Amino acid sequence: MNRSLHTLPLVLDPTGRARPQEEAALLAAGPAMLVDILGVTVWSVPDPAVLKSLLNDPRVSKDAGQHWPQFISGEIAEKWPLVLWVNTQNMFTAYGDEHRRLRRLVSKAFTARRTAAMTPRIEQITARILDRMATTPSGETVDLREALAFPLPIQVIGDLMGLPEEVWPRFRTVADAVFDTTLSTEEARENTVALYGILTGLVASKRTTPGEDLTSALIDVRDEEGDGSVLTEQELLDTLLLVISAGYETTVNLLDQAVTALLTHPEQLAHVREGRASWDDVIEETLRCLGPVSHLPLRYAVEDISLPEGIVIRQGEAILASYGAAGRHPGLHGDTAGEFDVLRKDKQHLQFGHGAHFCLGAPLARAEARVALPALFDRFPDLALAVRPEELEPTMSLIINGHREVPLRL
């Protein structure tokens, strides 16, 4: 039996507060479930096997301009606060040959060698941040997000992209707002203007004074394997938007969730300290169980797609990748799927996507966590939460999974 768009959808809470209840409903619903995301009805896919298949399926597109009738008609641009997530011109929203062209161009600049070269810089930044944290007066608390989880990735991505330090605070404000799903359409539109203002200024500066940074490399990149094309001006701006925003926000919440999980599960921290588990185990289990990305907009059915249990996603219907629920799916991870366990043998997850759209920045996010987590717990062995776990409030987003603040005692 096909569950049509007349089925009452589950309305996702834009504040993120209902995430546990929503996830339980998604996991109980089967391969896919209709959800309402800020007034737009889409198919949420929480089943990891089904989601992995769809992420690799040529019948699934990320190009709203070609394959989403609601967007093509102008309906989405008029009323949807998340329109920026679907109307950019970069590899995140491209399909087929166009996606391959853009990814090939970006890959030429975003090399493994460039990422690996960042490790000494990550170590320097981390050491400086921890020195600053150590000056906190005795008895006072420090917010993990403000002290470490925000400044580390913003400095790393700032260095990588050549984003001037004086711009970092303003960029952080507008980047955070991209993921805030409580903004009105007008507020989101104003934030988009501010964001493109920063990116336009960055490109202009690098054209005048290029450096050894990714922005300069993207300006100069050529597709020698294809037709010699370059990124258009809009593709360049939107690629910078993708790399900077995704490379920053995801890492913030990875650090937040990993530290919070270890402090609320002291037996798991003991496994690491006593050598039964590695920091890589912590990182992968955090990505699986407490992944930074809950739901990622959007994909579209190029033609009718049949799923198990008689579900059919019709041509033109939108698909929401529910990565958070997929990581905690009992069909893949058994009855303990919802438990944080660094000793778990199988830590499969889809937090960085799968297939053609697998995240180019995954090695950098892992590298930052691999440096920061052991350094933090080595420097502050008595680190503890300053509030009860139930007092931590989620970020105002149904897209990302983090906390508004994480008060610590050092």
# chains A, B, ... in the order shown; residues from 1 in each chain; ligands from 1
$ select_by_dssp --residues "stretch 242-325 of chain A" --states "alpha helix (DSSP H)" --output "number ranges by chain"
A: 242-264, 266-273, 279-289, 323-325
$ residues_around --residues "A:Pro58" --least-positions-apart "6" --cutoff "12 Å" --atoms "only C-alpha atoms" --output "PyMOL selection string"
chain A and resi 95-97+99+299-303+305+355-357
$ write_last_selection --atoms "C-alpha atoms" --output "CSV table (one decimal), in the first residue's frame"
chain,number,residue,atom,x,y,z
A,95,TYR,CA,22.9,16.2,-10.0
A,96,GLY,CA,24.5,13.9,-12.5
A,97,ASP,CA,27.2,15.3,-14.8
A,99,HIS,CA,27.6,17.3,-9.8
A,299,ARG,CA,16.7,15.2,-2.3
A,300,TYR,CA,14.0,14.5,-5.0
A,301,ALA,CA,12.7,11.5,-6.8
A,302,VAL,CA,13.5,11.7,-10.5
A,303,GLU,CA,10.9,8.9,-11.1
A,305,ILE,CA,10.7,4.8,-6.4
A,355,GLY,CA,28.1,7.6,-2.5
A,356,ALA,CA,28.7,10.5,-4.9
A,357,HIS,CA,27.9,13.2,-2.3
$ atom_distance --atom1 "atom CA of A:Ser245" --atom2 "atom CA of A:Val387"
29.5 Å
$ closest_atom_pairs --of "stretch 2-86 of chain A" --to "stretch 342-350 of chain A" --cutoff "10 Å" --atoms "only C-alpha atoms" --output "tab-separated table"
residue	atom	partner	partner_atom	distance
A:Pro48	CA	A:Leu350	CA	7.7
A:Leu51	CA	A:Leu350	CA	8.8
A:Lys52	CA	A:Leu350	CA	7.8
A:Leu55	CA	A:Leu350	CA	9.9
$ write_last_selection --atoms "N, CA and C atoms" --output "compact mmCIF listing (two decimals), in the first residue's frame"
# COMPACT_ATOMS: atom_id res chain seq x y z
N PRO A 48 18.62 2.86 7.76
CA PRO A 48 19.95 3.05 7.17
C PRO A 48 20.16 2.29 5.86
N LEU A 51 18.11 4.20 3.26
CA LEU A 51 18.73 5.51 3.03
C LEU A 51 20.03 5.37 2.23
N LYS A 52 20.84 4.40 2.59
CA LYS A 52 22.09 4.18 1.86
C LYS A 52 21.82 3.88 0.40
N LEU A 55 20.76 7.12 -1.35
CA LEU A 55 21.88 8.05 -1.52
C LEU A 55 22.75 7.67 -2.71
$ select_by_dssp --residues "stretch 193-346 of chain A" --states "strand (DSSP E or B)" --output "list in words"
Val293, Leu296, Pro297, Leu298, Arg299, Tyr300, Ala301, Ile305, Ser306, Val312, Ile313, Ala318, Ile319, Leu320 and Ala321 of chain A
$ write_last_selection --atoms "N, CA, C and O atoms" --output "PDB file, in the first residue's frame"
ATOM      1  N   VAL A 293      24.391  15.863  12.700  1.00  0.00           N
ATOM      2  CA  VAL A 293      23.331  16.144  11.727  1.00  0.00           C
ATOM      3  C   VAL A 293      22.144  15.217  11.989  1.00  0.00           C
ATOM      4  O   VAL A 293      22.273  14.003  11.904  1.00  0.00           O
ATOM      5  N   LEU A 296      18.975  16.145   6.980  1.00  0.00           N
ATOM      6  CA  LEU A 296      19.652  16.977   5.992  1.00  0.00           C
ATOM      7  C   LEU A 296      18.755  17.192   4.776  1.00  0.00           C
ATOM      8  O   LEU A 296      18.446  16.253   4.038  1.00  0.00           O
ATOM      9  N   PRO A 297      18.306  18.429   4.538  1.00  0.00           N
ATOM     10  CA  PRO A 297      17.509  18.744   3.339  1.00  0.00           C
ATOM     11  C   PRO A 297      18.400  18.786   2.106  1.00  0.00           C
ATOM     12  O   PRO A 297      19.550  19.216   2.215  1.00  0.00           O
ATOM     13  N   LEU A 298      17.872  18.504   0.976  1.00  0.00           N
ATOM     14  CA  LEU A 298      16.774  17.661   0.561  1.00  0.00           C
ATOM     15  C   LEU A 298      17.199  16.939  -0.689  1.00  0.00           C
ATOM     16  O   LEU A 298      18.122  17.368  -1.378  1.00  0.00           O
ATOM     17  N   ARG A 299      16.516  15.882  -1.049  1.00  0.00           N
ATOM     18  CA  ARG A 299      16.683  15.180  -2.317  1.00  0.00           C
ATOM     19  C   ARG A 299      15.307  14.993  -2.943  1.00  0.00           C
ATOM     20  O   ARG A 299      14.294  15.170  -2.269  1.00  0.00           O
ATOM     21  N   TYR A 300      15.278  14.578  -4.238  1.00  0.00           N
ATOM     22  CA  TYR A 300      14.008  14.509  -4.968  1.00  0.00           C
ATOM     23  C   TYR A 300      13.986  13.270  -5.855  1.00  0.00           C
ATOM     24  O   TYR A 300      14.998  12.895  -6.466  1.00  0.00           O
ATOM     25  N   ALA A 301      12.815  12.653  -5.924  1.00  0.00           N
ATOM     26  CA  ALA A 301      12.655  11.467  -6.761  1.00  0.00           C
ATOM     27  C   ALA A 301      12.548  11.884  -8.228  1.00  0.00           C
ATOM     28  O   ALA A 301      11.658  12.656  -8.602  1.00  0.00           O
ATOM     29  N   ILE A 305       9.769   5.695  -7.032  1.00  0.00           N
ATOM     30  CA  ILE A 305      10.716   4.778  -6.409  1.00  0.00           C
ATOM     31  C   ILE A 305       9.964   3.931  -5.390  1.00  0.00           C
ATOM     32  O   ILE A 305       9.347   4.463  -4.458  1.00  0.00           O
ATOM     33  N   SER A 306      10.011   2.622  -5.556  1.00  0.00           N
ATOM     34  CA  SER A 306       9.344   1.700  -4.637  1.00  0.00           C
ATOM     35  C   SER A 306      10.291   1.319  -3.500  1.00  0.00           C
ATOM     36  O   SER A 306      11.445   0.946  -3.730  1.00  0.00           O
ATOM     37  N   VAL A 312       5.750   3.996  -1.845  1.00  0.00           N
ATOM     38  CA  VAL A 312       6.219   4.522  -3.122  1.00  0.00           C
ATOM     39  C   VAL A 312       6.459   6.021  -2.972  1.00  0.00           C
ATOM     40  O   VAL A 312       5.557   6.771  -2.585  1.00  0.00           O
ATOM     41  N   ILE A 313       7.678   6.437  -3.246  1.00  0.00           N
ATOM     42  CA  ILE A 313       7.985   7.870  -3.316  1.00  0.00           C
ATOM     43  C   ILE A 313       7.760   8.285  -4.762  1.00  0.00           C
ATOM     44  O   ILE A 313       8.443   7.808  -5.665  1.00  0.00           O
ATOM     45  N   ALA A 318       9.848  15.152  -2.348  1.00  0.00           N
ATOM     46  CA  ALA A 318      11.121  15.465  -1.695  1.00  0.00           C
ATOM     47  C   ALA A 318      11.447  14.433  -0.625  1.00  0.00           C
ATOM     48  O   ALA A 318      10.560  13.856   0.008  1.00  0.00           O
ATOM     49  N   ILE A 319      12.752  14.232  -0.411  1.00  0.00           N
ATOM     50  CA  ILE A 319      13.266  13.222   0.515  1.00  0.00           C
ATOM     51  C   ILE A 319      14.207  13.897   1.513  1.00  0.00           C
ATOM     52  O   ILE A 319      15.103  14.655   1.132  1.00  0.00           O
ATOM     53  N   LEU A 320      13.982  13.606   2.787  1.00  0.00           N
ATOM     54  CA  LEU A 320      14.806  14.133   3.874  1.00  0.00           C
ATOM     55  C   LEU A 320      15.671  13.002   4.419  1.00  0.00           C
ATOM     56  O   LEU A 320      15.146  11.987   4.890  1.00  0.00           O
ATOM     57  N   ALA A 321      16.983  13.152   4.361  1.00  0.00           N
ATOM     58  CA  ALA A 321      17.894  12.138   4.906  1.00  0.00           C
ATOM     59  C   ALA A 321      17.956  12.303   6.413  1.00  0.00           C
ATOM     60  O   ALA A 321      18.546  13.260   6.921  1.00  0.00           O
TER      61      ALA A 321
END
$ atom_distance --atom1 "atom CA of A:Pro153" --atom2 "atom CA of A:Asp281"
20.7 Å
$ closest_residue --among "A:Gly361, A:Gly275, A:Gly39, A:Gly197" --to "A:Ala246" --atoms "only C-alpha atoms"
A:Gly361
$ residues_around --residues "A:Val221" --least-positions-apart "4" --cutoff "12 Å" --atoms "only C-alpha atoms" --output "list in words"
Arg101, Leu102, Arg103, Arg104, Leu105, Val106, Ser107, Lys108, Ala109, Phe110, Leu214, Thr215, Ser216, Ala217, Glu225, Gly228, Ser229, Val230, Leu231, Thr232 and Leu236 of chain A
$ write_last_selection --atoms "N, CA, C and O atoms" --output "PDB file, in the first residue's frame"
ATOM      1  N   ARG A 101      31.132  17.449 -12.410  1.00  0.00           N
ATOM      2  CA  ARG A 101      31.995  18.584 -12.797  1.00  0.00           C
ATOM      3  C   ARG A 101      32.377  19.417 -11.581  1.00  0.00           C
ATOM      4  O   ARG A 101      33.559  19.732 -11.361  1.00  0.00           O
ATOM      5  N   LEU A 102      31.388  19.779 -10.761  1.00  0.00           N
ATOM      6  CA  LEU A 102      31.659  20.633  -9.609  1.00  0.00           C
ATOM      7  C   LEU A 102      32.529  19.926  -8.578  1.00  0.00           C
ATOM      8  O   LEU A 102      33.461  20.521  -8.017  1.00  0.00           O
ATOM      9  N   ARG A 103      32.247  18.669  -8.330  1.00  0.00           N
ATOM     10  CA  ARG A 103      33.047  17.949  -7.337  1.00  0.00           C
ATOM     11  C   ARG A 103      34.486  17.792  -7.814  1.00  0.00           C
ATOM     12  O   ARG A 103      35.424  17.890  -7.013  1.00  0.00           O
ATOM     13  N   ARG A 104      34.664  17.552  -9.132  1.00  0.00           N
ATOM     14  CA  ARG A 104      36.011  17.423  -9.669  1.00  0.00           C
ATOM     15  C   ARG A 104      36.781  18.740  -9.498  1.00  0.00           C
ATOM     16  O   ARG A 104      37.951  18.742  -9.103  1.00  0.00           O
ATOM     17  N   LEU A 105      36.121  19.851  -9.760  1.00  0.00           N
ATOM     18  CA  LEU A 105      36.769  21.146  -9.611  1.00  0.00           C
ATOM     19  C   LEU A 105      37.149  21.404  -8.157  1.00  0.00           C
ATOM     20  O   LEU A 105      38.272  21.834  -7.851  1.00  0.00           O
ATOM     21  N   VAL A 106      36.210  21.164  -7.246  1.00  0.00           N
ATOM     22  CA  VAL A 106      36.468  21.437  -5.827  1.00  0.00           C
ATOM     23  C   VAL A 106      37.525  20.480  -5.286  1.00  0.00           C
ATOM     24  O   VAL A 106      38.395  20.876  -4.497  1.00  0.00           O
ATOM     25  N   SER A 107      37.476  19.219  -5.710  1.00  0.00           N
ATOM     26  CA  SER A 107      38.438  18.228  -5.226  1.00  0.00           C
ATOM     27  C   SER A 107      39.870  18.614  -5.577  1.00  0.00           C
ATOM     28  O   SER A 107      40.816  18.271  -4.849  1.00  0.00           O
ATOM     29  N   LYS A 108      40.048  19.313  -6.696  1.00  0.00           N
ATOM     30  CA  LYS A 108      41.380  19.744  -7.097  1.00  0.00           C
ATOM     31  C   LYS A 108      41.984  20.714  -6.080  1.00  0.00           C
ATOM     32  O   LYS A 108      43.200  20.786  -5.922  1.00  0.00           O
ATOM     33  N   ALA A 109      41.105  21.488  -5.416  1.00  0.00           N
ATOM     34  CA  ALA A 109      41.583  22.437  -4.421  1.00  0.00           C
ATOM     35  C   ALA A 109      41.552  21.851  -3.014  1.00  0.00           C
ATOM     36  O   ALA A 109      42.452  22.080  -2.209  1.00  0.00           O
ATOM     37  N   PHE A 110      40.507  21.075  -2.719  1.00  0.00           N
ATOM     38  CA  PHE A 110      40.313  20.516  -1.382  1.00  0.00           C
ATOM     39  C   PHE A 110      40.975  19.148  -1.317  1.00  0.00           C
ATOM     40  O   PHE A 110      40.328  18.115  -1.274  1.00  0.00           O
ATOM     41  N   LEU A 214      42.415  27.947   0.444  1.00  0.00           N
ATOM     42  CA  LEU A 214      41.478  27.251  -0.419  1.00  0.00           C
ATOM     43  C   LEU A 214      40.659  28.209  -1.268  1.00  0.00           C
ATOM     44  O   LEU A 214      40.321  27.895  -2.412  1.00  0.00           O
ATOM     45  N   THR A 215      40.343  29.372  -0.743  1.00  0.00           N
ATOM     46  CA  THR A 215      39.584  30.343  -1.545  1.00  0.00           C
ATOM     47  C   THR A 215      40.377  30.742  -2.790  1.00  0.00           C
ATOM     48  O   THR A 215      39.843  30.757  -3.907  1.00  0.00           O
ATOM     49  N   SER A 216      41.655  31.056  -2.609  1.00  0.00           N
ATOM     50  CA  SER A 216      42.499  31.414  -3.751  1.00  0.00           C
ATOM     51  C   SER A 216      42.599  30.255  -4.737  1.00  0.00           C
ATOM     52  O   SER A 216      42.561  30.454  -5.963  1.00  0.00           O
ATOM     53  N   ALA A 217      42.707  29.031  -4.205  1.00  0.00           N
ATOM     54  CA  ALA A 217      42.799  27.853  -5.073  1.00  0.00           C
ATOM     55  C   ALA A 217      41.513  27.653  -5.869  1.00  0.00           C
ATOM     56  O   ALA A 217      41.544  27.295  -7.045  1.00  0.00           O
ATOM     57  N   GLU A 225      40.570  17.942 -16.983  1.00  0.00           N
ATOM     58  CA  GLU A 225      40.066  16.640 -17.419  1.00  0.00           C
ATOM     59  C   GLU A 225      38.835  16.773 -18.300  1.00  0.00           C
ATOM     60  O   GLU A 225      38.493  15.876 -19.059  1.00  0.00           O
ATOM     61  N   GLY A 228      37.987  22.347 -19.572  1.00  0.00           N
ATOM     62  CA  GLY A 228      38.761  23.503 -19.156  1.00  0.00           C
ATOM     63  C   GLY A 228      37.953  24.533 -18.393  1.00  0.00           C
ATOM     64  O   GLY A 228      38.415  25.647 -18.163  1.00  0.00           O
ATOM     65  N   SER A 229      36.743  24.179 -17.965  1.00  0.00           N
ATOM     66  CA  SER A 229      35.858  25.145 -17.319  1.00  0.00           C
ATOM     67  C   SER A 229      36.358  25.523 -15.926  1.00  0.00           C
ATOM     68  O   SER A 229      37.183  24.852 -15.320  1.00  0.00           O
ATOM     69  N   VAL A 230      35.845  26.629 -15.436  1.00  0.00           N
ATOM     70  CA  VAL A 230      36.120  27.111 -14.088  1.00  0.00           C
ATOM     71  C   VAL A 230      34.785  27.201 -13.357  1.00  0.00           C
ATOM     72  O   VAL A 230      33.717  27.019 -13.935  1.00  0.00           O
ATOM     73  N   LEU A 231      34.857  27.491 -12.065  1.00  0.00           N
ATOM     74  CA  LEU A 231      33.633  27.751 -11.316  1.00  0.00           C
ATOM     75  C   LEU A 231      33.073  29.102 -11.741  1.00  0.00           C
ATOM     76  O   LEU A 231      33.819  30.089 -11.837  1.00  0.00           O
ATOM     77  N   THR A 232      31.783  29.177 -12.009  1.00  0.00           N
ATOM     78  CA  THR A 232      31.168  30.485 -12.249  1.00  0.00           C
ATOM     79  C   THR A 232      31.199  31.284 -10.950  1.00  0.00           C
ATOM     80  O   THR A 232      31.463  30.741  -9.868  1.00  0.00           O
ATOM     81  N   LEU A 236      31.235  29.649  -7.295  1.00  0.00           N
ATOM     82  CA  LEU A 236      32.346  29.923  -6.390  1.00  0.00           C
ATOM     83  C   LEU A 236      31.820  30.358  -5.027  1.00  0.00           C
ATOM     84  O   LEU A 236      32.226  29.824  -3.986  1.00  0.00           O
TER      85      LEU A 236
END
$ closest_residue --among "A:Gln268, A:Thr336, A:Gln351, A:Gln315" --to "A:Gly291" --atoms "only C-alpha atoms"
A:Gln351
$ atom_distance --atom1 "atom CA of A:Asn191" --atom2 "atom CA of A:Ile157"
20.0 Å
$ residues_around --residues "A:Leu148" --least-positions-apart "5" --cutoff "9 Å" --atoms "only C-alpha atoms" --output "compact mmCIF listing (two decimals) with N, CA and C atoms, in the first residue's frame"
# COMPACT_ATOMS: atom_id res chain seq x y z
N THR A 126 44.48 24.38 19.35
CA THR A 126 43.93 23.68 20.51
C THR A 126 44.72 24.01 21.77
N ILE A 129 43.86 27.49 22.94
CA ILE A 129 42.51 27.54 23.52
C ILE A 129 42.50 26.95 24.92
N LEU A 130 43.18 25.82 25.12
CA LEU A 130 43.22 25.18 26.44
C LEU A 130 43.98 26.04 27.44
N MET A 133 41.48 28.53 28.53
CA MET A 133 40.52 27.92 29.45
C MET A 133 41.11 27.75 30.85
N ASP A 143 31.76 27.53 29.44
CA ASP A 143 30.88 26.90 28.46
C ASP A 143 31.74 26.22 27.39
N PRO A 153 37.03 25.09 15.42
CA PRO A 153 36.72 24.94 13.99
C PRO A 153 36.63 26.26 13.24
N VAL A 252 31.62 21.74 15.41
CA VAL A 252 31.17 22.30 16.69
C VAL A 252 30.35 21.27 17.45
N LEU A 255 32.23 17.96 18.63
CA LEU A 255 32.98 18.17 19.87
C LEU A 255 32.03 18.27 21.06
N ASP A 256 30.96 19.03 20.90
CA ASP A 256 29.94 19.18 21.95
C ASP A 256 29.42 17.81 22.38
N ALA A 372 41.56 17.54 19.55
CA ALA A 372 40.97 18.31 20.65
C ALA A 372 40.52 17.45 21.82
